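A.B. asks: My structure is in entry-v9.txt, and what it holds is compact mmCIF, C-alpha atoms and all ligand atoms:
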# COMPACT_ATOMS: atom_id res chain seq x y z
CA MET A 1228 200.87 96.31 94.99
CA HIS A 1229 200.18 95.19 91.43
CA GLY A 1230 202.22 92.70 89.49
CA ASN A 1231 204.70 94.19 87.07
CA SER A 1232 203.91 92.00 84.10
CA ARG A 1233 201.62 94.41 82.24
CA LEU A 1234 204.24 97.11 82.43
CA SER A 1235 206.97 95.25 80.63
CA GLY A 1236 207.72 95.77 76.96
CA VAL A 1237 205.96 99.13 76.55
CA MET A 1238 207.26 102.47 75.30
CA THR A 1239 208.19 104.98 77.95
CA GLN A 1240 206.97 108.41 76.91
CA SER A 1241 208.62 110.72 79.35
CA ALA A 1242 209.53 111.27 82.95
CA TYR A 1243 207.70 113.68 85.23
CA ASP A 1244 207.89 114.59 88.87
CA VAL A 1245 204.20 113.87 89.19
CA VAL A 1246 201.67 112.10 86.99
CA ILE A 1247 198.09 112.84 87.99
CA VAL A 1248 195.51 110.37 86.78
CA GLY A 1249 192.10 112.05 86.59
CA ALA A 1250 191.28 115.60 85.50
CA GLY A 1251 188.21 116.12 87.66
CA ILE A 1252 188.25 119.05 90.02
CA VAL A 1253 190.53 117.21 92.47
CA GLY A 1254 193.12 116.19 89.87
CA ALA A 1255 192.92 119.67 88.34
CA ALA A 1256 193.50 121.36 91.69
CA CYS A 1257 196.45 119.03 92.37
CA ALA A 1258 197.92 119.76 88.93
CA TYR A 1259 197.78 123.50 89.58
CA GLU A 1260 199.29 123.17 93.04
CA PHE A 1261 202.15 120.90 91.92
CA ALA A 1262 202.84 123.17 88.94
CA ARG A 1263 202.92 126.20 91.26
CA HIS A 1264 205.67 124.38 93.12
CA ARG A 1265 207.64 124.16 89.88
CA MET A 1266 207.28 120.42 89.58
CA ARG A 1267 207.07 118.73 86.17
CA VAL A 1268 203.45 117.64 85.98
CA ALA A 1269 201.53 115.36 83.61
CA VAL A 1270 197.76 114.93 83.80
CA VAL A 1271 195.98 112.04 82.09
CA ASP A 1272 192.23 111.55 81.79
CA GLY A 1273 190.22 108.92 79.97
CA ASP A 1274 187.65 111.53 78.99
CA VAL A 1275 187.70 115.35 79.04
CA VAL A 1276 188.49 117.77 81.88
CA GLY A 1277 185.83 117.74 84.60
CA SER A 1278 183.76 114.94 83.12
CA GLY A 1279 183.17 112.66 86.12
CA ALA A 1280 181.42 113.63 89.35
CA THR A 1281 182.71 117.14 88.69
CA ALA A 1282 180.31 117.51 85.75
CA ALA A 1283 177.48 116.15 87.88
CA GLY A 1284 178.03 117.99 91.16
CA MET A 1285 176.14 120.94 92.60
CA GLY A 1286 179.12 123.20 93.20
CA HIS A 1287 178.08 124.27 96.69
CA ILE A 1288 181.18 125.62 98.44
CA VAL A 1289 180.10 124.78 101.93
CA VAL A 1290 181.54 124.59 105.43
CA MET A 1291 180.34 121.42 107.16
CA ASP A 1292 180.37 120.43 110.81
CA ASP A 1293 179.84 116.71 110.58
CA SER A 1294 183.19 116.08 112.29
CA ASP A 1295 186.10 118.32 113.27
CA ALA A 1296 188.15 116.84 110.44
CA GLN A 1297 185.42 117.57 107.92
CA PHE A 1298 185.04 121.09 109.27
CA SER A 1299 188.73 121.74 109.12
CA LEU A 1300 189.11 120.68 105.47
CA THR A 1301 185.93 122.39 104.25
CA ARG A 1302 186.70 125.68 106.01
CA TYR A 1303 190.33 125.68 104.90
CA SER A 1304 189.24 124.97 101.32
CA GLN A 1305 186.55 127.62 101.39
CA ARG A 1306 189.17 130.18 102.40
CA LEU A 1307 191.33 129.05 99.48
CA TRP A 1308 188.39 129.50 97.07
CA GLN A 1309 187.84 132.98 98.48
CA GLU A 1310 191.50 133.82 97.91
CA LEU A 1311 191.30 132.54 94.34
CA ARG A 1312 188.05 134.33 93.65
CA PRO A 1313 189.50 137.52 92.08
CA GLU A 1314 191.24 135.36 89.47
CA LEU A 1315 188.26 133.17 88.55
CA PRO A 1316 186.79 133.86 85.11
CA GLN A 1317 183.08 134.68 84.69
CA ALA A 1318 182.44 131.17 83.39
CA VAL A 1319 183.18 129.73 86.85
CA GLU A 1320 180.10 131.61 88.12
CA TYR A 1321 181.38 131.93 91.67
CA GLU A 1322 178.80 133.57 93.84
CA GLN A 1323 178.84 133.96 97.60
CA CYS A 1324 175.11 133.48 98.01
CA GLY A 1325 175.28 131.95 101.50
CA THR A 1326 173.54 128.84 102.78
CA ILE A 1327 170.36 128.76 104.81
CA TRP A 1328 169.95 125.56 106.83
CA VAL A 1329 166.18 125.43 107.06
CA ALA A 1330 164.53 124.35 110.33
CA ALA A 1331 161.06 122.88 109.92
CA ASP A 1332 160.07 122.91 113.60
CA ALA A 1333 161.14 123.79 117.15
CA GLU A 1334 163.18 120.60 117.48
CA GLU A 1335 165.23 121.54 114.41
CA MET A 1336 165.64 125.08 115.79
CA GLU A 1337 167.57 123.51 118.67
CA LEU A 1338 169.91 121.97 116.12
CA VAL A 1339 170.23 125.42 114.58
CA SER A 1340 171.49 126.84 117.89
CA ARG A 1341 174.00 124.05 118.30
CA LYS A 1342 175.24 124.48 114.78
CA ARG A 1343 175.55 128.25 115.27
CA ASP A 1344 177.62 127.72 118.43
CA TYR A 1345 179.89 125.23 116.67
CA TYR A 1346 180.56 127.63 113.79
CA ARG A 1347 180.94 130.76 115.90
CA LYS A 1348 183.47 129.06 118.17
CA ARG A 1349 185.51 128.47 115.03
CA ASP A 1350 185.13 131.99 113.63
CA VAL A 1351 182.63 131.13 110.91
CA PRO A 1352 179.96 133.82 110.66
CA ALA A 1353 176.55 132.23 111.39
CA GLU A 1354 173.24 133.94 112.05
CA VAL A 1355 170.12 132.36 113.52
CA ILE A 1356 167.04 133.61 111.69
CA ASP A 1357 163.45 133.35 112.87
CA ALA A 1358 160.40 132.42 110.82
CA GLY A 1359 159.68 136.02 109.79
CA ARG A 1360 163.21 136.72 108.59
CA LEU A 1361 163.31 133.40 106.75
CA ALA A 1362 160.14 134.33 104.86
CA GLU A 1363 161.61 137.74 104.06
CA LEU A 1364 164.86 136.28 102.75
CA GLU A 1365 163.20 133.42 100.84
CA PRO A 1366 159.59 134.28 100.00
CA HIS A 1367 159.02 131.09 98.01
CA LEU A 1368 159.62 128.82 100.99
CA LYS A 1369 156.37 127.45 102.40
CA GLY A 1370 154.81 129.17 105.41
CA GLY A 1371 155.01 127.66 108.89
CA LEU A 1372 158.73 126.85 108.91
CA ALA A 1373 160.45 127.59 112.21
CA GLY A 1374 163.51 129.50 110.96
CA GLY A 1375 167.05 128.62 110.05
CA LEU A 1376 170.76 129.28 110.17
CA LEU A 1377 172.35 131.62 107.64
CA ILE A 1378 176.01 130.95 106.77
CA PRO A 1379 176.85 133.99 104.66
CA GLU A 1380 180.32 132.91 103.51
CA ASP A 1381 179.16 129.76 101.75
CA GLY A 1382 178.99 130.02 97.98
CA VAL A 1383 178.29 128.35 94.68
CA LEU A 1384 180.30 127.80 91.52
CA TYR A 1385 180.07 125.89 88.24
CA PRO A 1386 182.37 122.88 88.74
CA PRO A 1387 183.40 121.85 85.18
CA CYS A 1388 184.55 125.40 84.39
CA ALA A 1389 186.37 125.59 87.72
CA ALA A 1390 188.23 122.37 86.85
CA LEU A 1391 189.06 123.73 83.40
CA PHE A 1392 190.38 126.96 84.92
CA LEU A 1393 192.66 125.02 87.30
CA ILE A 1394 193.97 122.80 84.49
CA GLN A 1395 194.61 125.82 82.26
CA ARG A 1396 196.53 127.48 85.09
CA ALA A 1397 198.59 124.31 85.50
CA GLN A 1398 199.25 124.23 81.73
CA GLU A 1399 200.39 127.86 81.78
CA LEU A 1400 202.94 126.74 84.35
CA GLY A 1401 204.13 123.92 82.11
CA ALA A 1402 201.87 120.97 82.96
CA TRP A 1403 201.29 118.48 80.14
CA LEU A 1404 197.72 117.26 79.58
CA ARG A 1405 196.59 114.13 77.81
CA LEU A 1406 192.86 113.56 77.39
CA GLY A 1407 190.90 110.61 76.01
CA SER A 1408 193.46 108.12 77.33
CA SER A 1409 192.35 105.64 79.94
CA VAL A 1410 194.88 104.44 82.46
CA VAL A 1411 194.78 100.71 83.09
CA GLU A 1412 197.46 100.37 85.73
CA ILE A 1413 199.62 102.41 88.05
CA ALA A 1414 202.58 100.91 89.88
CA GLN A 1415 206.11 101.76 90.90
CA GLY A 1416 206.31 105.13 89.22
CA ARG A 1417 204.69 103.97 85.99
CA VAL A 1418 201.34 104.76 84.45
CA LEU A 1419 200.16 102.33 81.80
CA LEU A 1420 197.59 103.57 79.29
CA SER A 1421 195.08 101.50 77.39
CA ASP A 1422 197.07 101.99 74.14
CA ARG A 1423 200.00 100.30 75.93
CA SER A 1424 202.03 103.51 76.11
CA GLU A 1425 203.56 104.40 79.43
CA ILE A 1426 204.28 107.58 81.35
CA ARG A 1427 206.77 107.64 84.17
CA GLY A 1428 206.62 109.81 87.24
CA LYS A 1429 208.37 109.89 90.58
CA ILE A 1430 204.92 110.22 92.06
CA ILE A 1431 201.62 108.98 90.67
CA VAL A 1432 198.41 110.52 92.01
CA ASN A 1433 195.25 108.45 91.80
CA ALA A 1434 192.54 111.12 91.42
CA ILE A 1435 189.91 109.18 89.49
CA GLY A 1436 187.16 109.71 92.05
CA SER A 1437 184.68 106.89 92.56
CA ARG A 1438 186.67 104.61 90.23
CA ALA A 1439 189.86 104.85 92.30
CA PRO A 1440 189.79 101.16 93.36
CA GLU A 1441 190.19 100.16 89.67
CA LEU A 1442 193.76 101.49 89.83
CA THR A 1443 194.37 100.91 93.54
CA PRO A 1444 192.80 97.56 94.39
CA GLY A 1445 191.92 97.13 98.04
CA LEU A 1446 190.73 100.69 98.39
CA GLU A 1447 187.38 100.85 100.15
CA ILE A 1448 185.49 103.36 98.03
CA LYS A 1449 181.93 102.89 96.91
CA PRO A 1450 180.12 104.88 94.24
CA ARG A 1451 177.17 106.73 95.76
CA LYS A 1452 174.71 107.80 93.13
CA GLY A 1453 173.03 111.19 93.16
CA HIS A 1454 170.32 112.82 91.03
CA LEU A 1455 169.96 116.49 90.13
CA VAL A 1456 167.42 118.52 88.18
CA ILE A 1457 167.94 121.96 86.65
CA THR A 1458 165.16 124.37 85.73
CA ASP A 1459 164.83 127.08 83.15
CA ARG A 1460 165.80 130.63 84.23
CA TYR A 1461 163.83 132.16 87.10
CA PRO A 1462 166.15 134.85 88.50
CA GLY A 1463 165.54 135.59 92.18
CA PHE A 1464 163.16 132.68 92.75
CA VAL A 1465 165.58 131.44 95.42
CA ARG A 1466 168.47 133.54 96.68
CA HIS A 1467 170.55 131.28 98.92
CA GLN A 1468 171.52 127.63 98.83
CA LEU A 1469 168.62 126.18 100.81
CA VAL A 1470 169.21 122.92 102.64
CA GLU A 1471 166.96 121.16 105.12
CA LEU A 1472 168.60 120.31 108.43
CA GLY A 1473 167.55 116.73 107.80
CA TYR A 1474 170.13 116.72 104.96
CA LEU A 1475 172.72 115.47 107.40
CA LYS A 1476 170.58 112.45 108.22
CA SER A 1477 170.42 111.70 104.51
CA ALA A 1478 174.16 112.15 104.01
CA HIS A 1479 174.91 109.91 107.01
CA SER A 1480 172.67 107.00 106.21
CA MET A 1481 174.88 104.12 105.10
CA GLY A 1482 172.13 101.85 103.85
CA ALA A 1483 168.78 102.95 102.48
CA ASP A 1484 168.31 105.31 99.56
CA SER A 1485 167.71 108.80 100.81
CA VAL A 1486 166.57 112.17 99.51
CA ALA A 1487 166.81 115.62 101.05
CA PHE A 1488 165.71 119.14 100.17
CA ASN A 1489 168.71 120.97 98.73
CA VAL A 1490 168.08 123.78 96.24
CA GLN A 1491 170.56 126.16 94.68
CA PRO A 1492 170.26 129.46 92.79
CA ARG A 1493 172.60 129.53 89.77
CA LYS A 1494 174.08 132.74 88.48
CA THR A 1495 172.19 132.09 85.23
CA GLY A 1496 168.87 132.36 87.09
CA GLN A 1497 168.39 128.60 86.86
CA ILE A 1498 167.55 126.55 89.93
CA LEU A 1499 169.43 123.37 90.68
CA ILE A 1500 167.38 120.89 92.66
CA GLY A 1501 168.87 118.02 94.66
CA SER A 1502 169.61 115.70 96.13
CA SER A 1503 169.55 111.95 96.47
CA ARG A 1504 171.97 109.30 97.73
CA GLN A 1505 172.01 105.65 96.71
CA TYR A 1506 174.46 102.82 97.23
CA GLY A 1507 174.48 99.83 94.92
CA ALA A 1508 172.95 101.73 91.97
CA GLU A 1509 175.80 101.71 89.52
CA HIS A 1510 173.97 102.60 86.31
CA ARG A 1511 173.79 106.18 85.11
CA GLU A 1512 170.09 106.02 84.23
CA VAL A 1513 167.71 108.33 86.04
CA ASP A 1514 165.67 106.38 88.58
CA GLN A 1515 162.15 107.77 88.24
CA THR A 1516 161.12 106.64 91.73
CA ILE A 1517 164.03 108.40 93.43
CA LEU A 1518 163.57 111.44 91.21
CA ALA A 1519 159.88 111.69 92.14
CA ARG A 1520 160.74 111.37 95.85
CA MET A 1521 163.41 114.04 95.56
CA LEU A 1522 161.13 116.50 93.79
CA GLU A 1523 158.30 115.81 96.19
CA ARG A 1524 160.63 116.62 99.08
CA ALA A 1525 161.73 119.85 97.40
CA GLU A 1526 158.12 120.87 96.79
CA GLN A 1527 157.29 120.29 100.44
CA TYR A 1528 159.65 123.18 101.19
CA VAL A 1529 159.15 125.29 98.05
CA PRO A 1530 155.61 124.60 96.80
CA GLY A 1531 156.03 126.77 93.69
CA LEU A 1532 158.82 124.58 92.31
CA GLY A 1533 156.33 122.21 90.70
CA ALA A 1534 155.17 124.95 88.33
CA LEU A 1535 158.69 125.66 86.99
CA LEU A 1536 160.04 124.15 83.81
CA ALA A 1537 162.71 121.52 84.39
CA ILE A 1538 165.09 121.33 81.45
CA ARG A 1539 167.53 118.57 82.39
CA THR A 1540 167.92 115.73 84.86
CA TRP A 1541 171.13 113.76 85.41
CA THR A 1542 173.01 111.54 87.80
CA GLY A 1543 176.54 111.30 89.11
CA PHE A 1544 178.62 109.19 91.48
CA ARG A 1545 180.20 110.38 94.69
CA ALA A 1546 183.28 108.51 95.94
CA ALA A 1547 182.23 107.35 99.41
CA THR A 1548 184.66 106.09 102.06
CA PRO A 1549 183.53 104.14 105.14
CA ASP A 1550 184.45 106.96 107.57
CA LYS A 1551 183.16 109.79 105.32
CA LEU A 1552 186.54 111.47 105.01
CA PRO A 1553 188.66 111.68 101.88
CA LEU A 1554 191.92 109.82 101.28
CA ILE A 1555 194.78 112.26 100.76
CA GLY A 1556 198.37 111.08 100.90
CA PRO A 1557 200.64 108.09 100.27
CA TRP A 1558 199.12 104.70 99.58
CA PRO A 1559 200.89 102.20 101.84
CA GLY A 1560 200.90 99.54 99.12
CA ASP A 1561 203.29 101.40 96.78
CA PRO A 1562 205.66 104.24 97.74
CA SER A 1563 205.18 105.98 94.37
CA VAL A 1564 201.37 106.10 94.60
CA PHE A 1565 199.49 108.90 96.33
CA LEU A 1566 195.71 109.13 96.65
CA ALA A 1567 193.47 112.16 96.26
CA THR A 1568 190.01 110.67 96.28
CA GLY A 1569 187.04 109.68 98.45
CA HIS A 1570 185.53 113.17 98.69
CA GLU A 1571 181.88 111.96 98.57
CA GLY A 1572 179.61 115.03 98.35
CA LEU A 1573 182.25 117.63 99.15
CA GLY A 1574 184.95 117.32 96.52
CA ILE A 1575 184.20 120.58 94.75
CA THR A 1576 184.59 122.43 98.04
CA THR A 1577 187.58 120.47 99.30
CA SER A 1578 189.56 120.17 96.05
CA LEU A 1579 191.77 123.16 96.82
CA GLY A 1580 192.52 122.07 100.40
CA THR A 1581 193.21 118.55 99.18
CA ALA A 1582 195.76 119.80 96.67
CA ARG A 1583 197.50 121.95 99.28
CA ILE A 1584 197.88 119.21 101.87
CA LEU A 1585 198.94 116.66 99.28
CA VAL A 1586 201.69 118.94 98.00
CA ASP A 1587 202.69 119.80 101.59
CA GLN A 1588 203.19 116.10 102.27
CA ILE A 1589 205.42 115.76 99.22
CA THR A 1590 207.45 118.94 99.67
CA GLY A 1591 207.77 118.51 103.43
CA ALA A 1592 206.03 121.85 104.14
CA LYS A 1593 204.00 122.17 107.33
CA PRO A 1594 200.32 121.81 106.45
CA GLU A 1595 197.98 124.56 107.70
CA ILE A 1596 195.55 122.00 109.10
CA PRO A 1597 196.13 118.63 110.82
CA ILE A 1598 196.27 115.99 108.08
CA ASP A 1599 196.18 112.71 110.00
CA PRO A 1600 192.40 112.19 109.55
CA TYR A 1601 192.83 112.05 105.77
CA LEU A 1602 195.88 109.82 105.47
CA PRO A 1603 195.19 106.62 103.49
CA SER A 1604 197.11 104.57 106.07
CA ARG A 1605 194.04 104.83 108.33
CA ALA A 1606 191.99 103.00 105.71
CA THR A 1607 194.45 100.13 105.45
CA LYS A 1608 194.52 99.81 109.24
CA GLU A 1609 190.73 99.63 109.30
CA TYR A 1610 190.81 97.22 106.39
CA ALA A 1611 193.37 94.96 108.05
CA HIS A 1612 191.34 95.08 111.25
CA ALA A 1613 188.06 94.19 109.56
CA HIS A 1614 189.41 91.23 107.56
C1 LIG B 1701 174.75 114.79 92.69
C2 LIG B 1701 176.03 115.31 93.26
C3 LIG B 1701 176.05 116.54 93.89
C4 LIG B 1701 177.24 117.04 94.44
N1 LIG B 1701 177.24 118.29 95.01
C5 LIG B 1701 178.39 118.79 95.51
C6 LIG B 1701 178.43 120.08 96.10
O1 LIG B 1701 177.42 120.81 96.09
N2 LIG B 1701 179.59 120.53 96.63
C7 LIG B 1701 180.73 119.78 96.64
O2 LIG B 1701 181.75 120.22 97.17
N3 LIG B 1701 180.74 118.54 96.06
C8 LIG B 1701 179.60 118.04 95.51
N4 LIG B 1701 179.58 116.78 94.97
C9 LIG B 1701 180.80 115.97 95.03
C10 LIG B 1701 181.77 116.36 93.94
O3 LIG B 1701 181.11 116.45 92.69
C11 LIG B 1701 182.88 115.30 93.88
O4 LIG B 1701 183.39 115.07 95.19
C12 LIG B 1701 184.03 115.80 93.00
O5 LIG B 1701 183.58 116.19 91.74
C13 LIG B 1701 185.07 114.70 92.88
O6 LIG B 1701 186.03 115.14 91.97
P1 LIG B 1701 187.19 114.16 91.50
O7 LIG B 1701 188.11 114.98 90.68
O8 LIG B 1701 187.72 113.45 92.69
O9 LIG B 1701 186.46 113.04 90.66
P2 LIG B 1701 185.74 113.10 89.25
O10 LIG B 1701 185.13 114.43 89.02
O11 LIG B 1701 184.84 111.91 89.17
O12 LIG B 1701 186.92 112.97 88.21
C14 LIG B 1701 187.57 111.76 87.97
C15 LIG B 1701 188.19 111.84 86.59
O13 LIG B 1701 188.93 110.64 86.40
C16 LIG B 1701 188.75 110.21 85.07
N5 LIG B 1701 188.99 108.77 85.05
C17 LIG B 1701 188.27 107.78 85.63
N6 LIG B 1701 188.85 106.60 85.42
C18 LIG B 1701 189.97 106.83 84.69
C19 LIG B 1701 190.99 106.00 84.16
N7 LIG B 1701 191.02 104.69 84.36
N8 LIG B 1701 191.98 106.59 83.44
C20 LIG B 1701 192.02 107.94 83.25
N9 LIG B 1701 191.06 108.75 83.73
C21 LIG B 1701 190.06 108.23 84.45
C22 LIG B 1701 187.31 110.59 84.72
O14 LIG B 1701 187.17 110.71 83.31
C23 LIG B 1701 187.17 111.91 85.47
O15 LIG B 1701 187.45 113.02 84.64
C24 LIG B 1701 178.42 116.27 94.38
C25 LIG B 1701 178.41 115.04 93.72
C26 LIG B 1701 177.24 114.55 93.15
C27 LIG B 1701 177.26 113.25 92.44
Is it possible to express this structure as structure tokens?
C.D. replies:
Amino acid sequence: MHGNSRLSGVMTQSAYDVVIVGAGIVGAACAYEFARHRMRVAVVDGDVVGSGATAAGMGHIVVMDDSDAQFSLTRYSQRLWQELRPELPQAVEYEQCGTIWVAADAEEMELVSRKRDYYRKRDVPAEVIDAGRLAELEPHLKGGLAGGLLIPEDGVLYPPCAALFLIQRAQELGAWLRLGSSVVEIAQGRVLLSDRSEIRGKIIVNAIGSRAPELTPGLEIKPRKGHLVITDRYPGFVRHQLVELGYLKSAHSMGADSVAFNVQPRKTGQILIGSSRQYGAEHREVDQTILARMLERAEQYVPGLGALLAIRTWTGFRAATPDKLPLIGPWPGDPSVFLATGHEGLGITTSLGTARILVDQITGAKPEIPIDPYLPSRATKEYAHAH
């Protein structure tokens, strides 16, 4: 818990049921969900809506099988996106293009079978495709690949516009939004802004992504840098989100910098090329070495990529937790503070599920999925254990 000293002698602006700090996709989804439950909601962001990792992310709405807990939250969230789909404006660019997990060789085809079994057992459509079908579906992939796994219900959207849509929905339901105001402290139902004004809420939600420890000291979240490149418009050049099976190795590695082939067709006809993961690189600048490695990897799978015109390259920071699961729920250090952070590379997908289970915890409703794996109390136990 923080000391109270910085909170004394400031003007109290108003009282809300919930004050959400951070208007990235997670804060935006929470704002909408709380507002739907007729709670008085305030949202504060130091920048604009969807400016953090949300502006940098790929927007792949993907079901993952890394752990049962990860599966459960990604699948639940994907269903929520599908339900919301008819209401999403064009600008959100939601497209159910499907994912193909690409297998380079026979060994990876074994992984494909295991992955298919895992998904099918849990009612996720999944189709094993052989080399011929892969070439038919994605003619620009190199020859000689073994096949892959097609997950047809995965999709893609444009994250900043999705965040804006969710915030606008929350505002229509009465939520109050303040942008360009950094929060310097949260404690005991109070949110202190950098201009020394204060907002009160019965509940404060820390949804500032990779910077969450700045407002909740002791939180074990590390920024994990990622690079992306976007090309000019080449409609149909790739048709599905294409990811190498080795992607999981890259996402798991806790130490070394890693790159993996991960390419996405945008509704605009552009191609988004990823992805890299780095710990300890806290500057926004593009790292030319990592970028070159990432593009080289992508070209190994799609040789024609090198001839396309890249128009922009950028970086962003994922909020990584030690056990690779997000933190959703009450922070044991302060009964007024709830966390909605730590989503690493899946926060666009899992924003909607996060918001639902956070609100369930507060309203006492029965969550649709087991929530224990995401509770922040697990992190403090681990922390206490490790120190
Ligand atoms: C390269 C890359 C690719 C990715 N690809 C995907 C993908 O394909 N699919 C997927 O599901 N996820 C993906 N992700 C992950 C996803 O982008 C994040 O998990 C998600 O955007 C996190 O959202 P957030 O709202 O928690 O945080 P953010 O989007 O970072 O939002 C935090 C907000 O808090 C504000 N803020 C920060 N500090 C303060 C403060 N002190 N006071 C007030 N406001 C503050 C910021 O201005 C920001 O608006 C990717 C991430 C990266 C980096």
A.B. asks: Counting all atoms listed in the file, which residue out of A:Ala1242, A:Leu1472, A:Val1271, A:Ile1327 sits closest to A:Glu1354?
C.D. replies: A:Ile1327
A.B. asks: Env of stretch 1301-1308 of chain A: 6 Å cut, atoms = only C-alpha atoms, seq-sep filter 5 positions within chain, self excluded. Answer as a list in words.
C.D. replies: Val1290, Thr1577, Leu1579 and Gly1580 of chain A
A.B. asks: In Å, rounded to a single decimal, give me how far atom C16 of ligand LIG 1701 (chain B) is from atom CA of A:Ile1584.
C.D. replies: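 Calculated distance between atom CA of A:Ile1584 and atom C16 of ligand LIG 1701 (chain B) is 21.1 Å.
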A.B. asks: Using only C-alpha atoms and all ligand atoms, what table do you get, as a tab-separated table, when you list each residue of chain A with an atom no more than 6 Å from ligand LIG 1701 (chain B), its nearest pair of atoms, and their distance in Å rounded to one decimal, rows by chain then rising number?
C.D. replies:
residue	atom	partner	partner_atom	distance
A:Val1248	CA	B:LIG1701	C20	5.5
A:Gly1249	CA	B:LIG1701	O13	3.5
A:Ala1250	CA	B:LIG1701	O15	4.7
A:Gly1251	CA	B:LIG1701	O7	3.2
A:Ile1252	CA	B:LIG1701	O7	4.1
A:Val1253	CA	B:LIG1701	O7	3.7
A:Gly1254	CA	B:LIG1701	O7	5.2
A:Val1271	CA	B:LIG1701	C20	5.8
A:Asp1272	CA	B:LIG1701	N9	3.6
A:Gly1273	CA	B:LIG1701	N9	3.9
A:Asp1274	CA	B:LIG1701	O14	4.4
A:Val1276	CA	B:LIG1701	O15	5.6
A:Gly1277	CA	B:LIG1701	O15	5.0
A:Ser1278	CA	B:LIG1701	O15	4.4
A:Gly1279	CA	B:LIG1701	O11	3.6
A:Ala1280	CA	B:LIG1701	O10	3.8
A:Thr1281	CA	B:LIG1701	O5	3.3
A:Ala1283	CA	B:LIG1701	C27	5.4
A:Gly1284	CA	B:LIG1701	C4	3.5
A:Met1285	CA	B:LIG1701	O1	3.7
A:Gly1286	CA	B:LIG1701	O1	4.1
A:His1287	CA	B:LIG1701	O1	3.6
A:Ile1288	CA	B:LIG1701	O2	5.6
A:Ser1409	CA	B:LIG1701	N8	3.6
A:Val1410	CA	B:LIG1701	N8	3.7
A:Val1411	CA	B:LIG1701	N7	5.6
A:Ala1434	CA	B:LIG1701	O8	5.5
A:Ile1435	CA	B:LIG1701	O13	3.6
A:Gly1436	CA	B:LIG1701	O9	3.7
A:Arg1438	CA	B:LIG1701	N6	5.6
A:Gly1453	CA	B:LIG1701	C1	4.0
A:His1454	CA	B:LIG1701	C1	5.1
A:Leu1455	CA	B:LIG1701	C1	5.7
A:Gly1543	CA	B:LIG1701	C27	3.9
A:Phe1544	CA	B:LIG1701	C27	4.4
A:Arg1545	CA	B:LIG1701	C27	4.7
A:Thr1568	CA	B:LIG1701	O8	5.1
A:His1570	CA	B:LIG1701	O4	4.5
A:Glu1571	CA	B:LIG1701	O4	4.8
A:Gly1572	CA	B:LIG1701	C9	3.6
A:Leu1573	CA	B:LIG1701	O2	3.3
A:Gly1574	CA	B:LIG1701	O4	3.0
A:Ile1575	CA	B:LIG1701	O2	3.5
A:Thr1576	CA	B:LIG1701	O2	3.7
A.B. asks: Place a sphere of radius 7 Å on (170.9, 130.9, 104.9) in the file coordinates and name every protein, DNA or RNA residue with an atom inside or on its surface, counting only C-alpha atoms; give the answer as an NGL selection string.
C.D. replies: :A and (1325-1328 or 1375-1379 or 1467-1469)
A.B. asks: Nearest to A:Pro1603: which of A:Gln1323, A:Thr1548, A:Asn1489, A:Ser1578 is it, counting only C-alpha atoms?
C.D. replies: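 Looking only at the distances to A:Pro1603, the closest residue turns out to be A:Thr1548.
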A.B. asks: I want to know what sits within 12 Å of A:Arg1396, based on only C-alpha atoms, with residues of the same chain fewer than 3 positions away left out; could you give that as a ChimeraX atom specification?
C.D. replies: /A:1255-1263,1311,1314-1316,1389-1393,1399-1404
A.B. asks: In terms of the shortest atom-to-atom distance over all atoms listed in the file, which of A:Ser1294, A:Thr1542, A:Ser1437, A:Ser1563 is closest to A:Arg1504?
C.D. replies: A:Thr1542
A.B. asks: For A:Thr1495, which residue among A:Gly1560, A:Gly1428, A:Gly1463, A:Pro1594 is the nearest when counting all atoms listed in the file?
C.D. replies: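 Using all atoms listed in the file, A:Thr1495 sits closest to A:Gly1463.
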A.B. asks: Go ahead and compute the interatomic distance for atom CA of A:Asp1295 and atom CA of A:Ala1525, in Å to one decimal.
C.D. replies: 29.1 Å
A.B. asks: Give me the residues within 10 Å of A:Glu1523 as a PDB file with C-alpha atoms, in the coordinates of the input, counting all atoms listed in the file and dropping any in the same chain fewer than 6 places off.
C.D. replies:
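Done, and the output landed in result.pdb:
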ATOM      1  CA  VAL A1486     166.570 112.170  99.510  1.00  0.00           C
ATOM      2  CA  ALA A1487     166.810 115.620 101.050  1.00  0.00           C
ATOM      3  CA  PHE A1488     165.710 119.140 100.170  1.00  0.00           C
ATOM      4  CA  ILE A1517     164.030 108.400  93.430  1.00  0.00           C
ATOM      5  CA  VAL A1529     159.150 125.290  98.050  1.00  0.00           C
ATOM      6  CA  PRO A1530     155.610 124.600  96.800  1.00  0.00           C
ATOM      7  CA  LEU A1532     158.820 124.580  92.310  1.00  0.00           C
ATOM      8  CA  GLY A1533     156.330 122.210  90.700  1.00  0.00           C
TER       9      GLY A1533
END
A.B. asks: Measuring between only C-alpha atoms, which one of A:Asp1587, A:Glu1320, A:Glu1337, A:Glu1365 shows the shortest distance to A:Gly1496?
C.D. replies: A:Glu1320
A.B. asks: Between A:Asn1433, A:Ala1373, A:Glu1412, A:Ala1282, which residue has the minimum interatomic distance to A:Pro1387, considering all atoms listed in the file?
C.D. replies: A:Ala1282
A.B. asks: Grab the atom CA of A:Gly1371 to atom CA of A:Ala1358 distance for me, in Å with one decimal place.
C.D. replies: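 These two atoms are separated by 7.4 Å.
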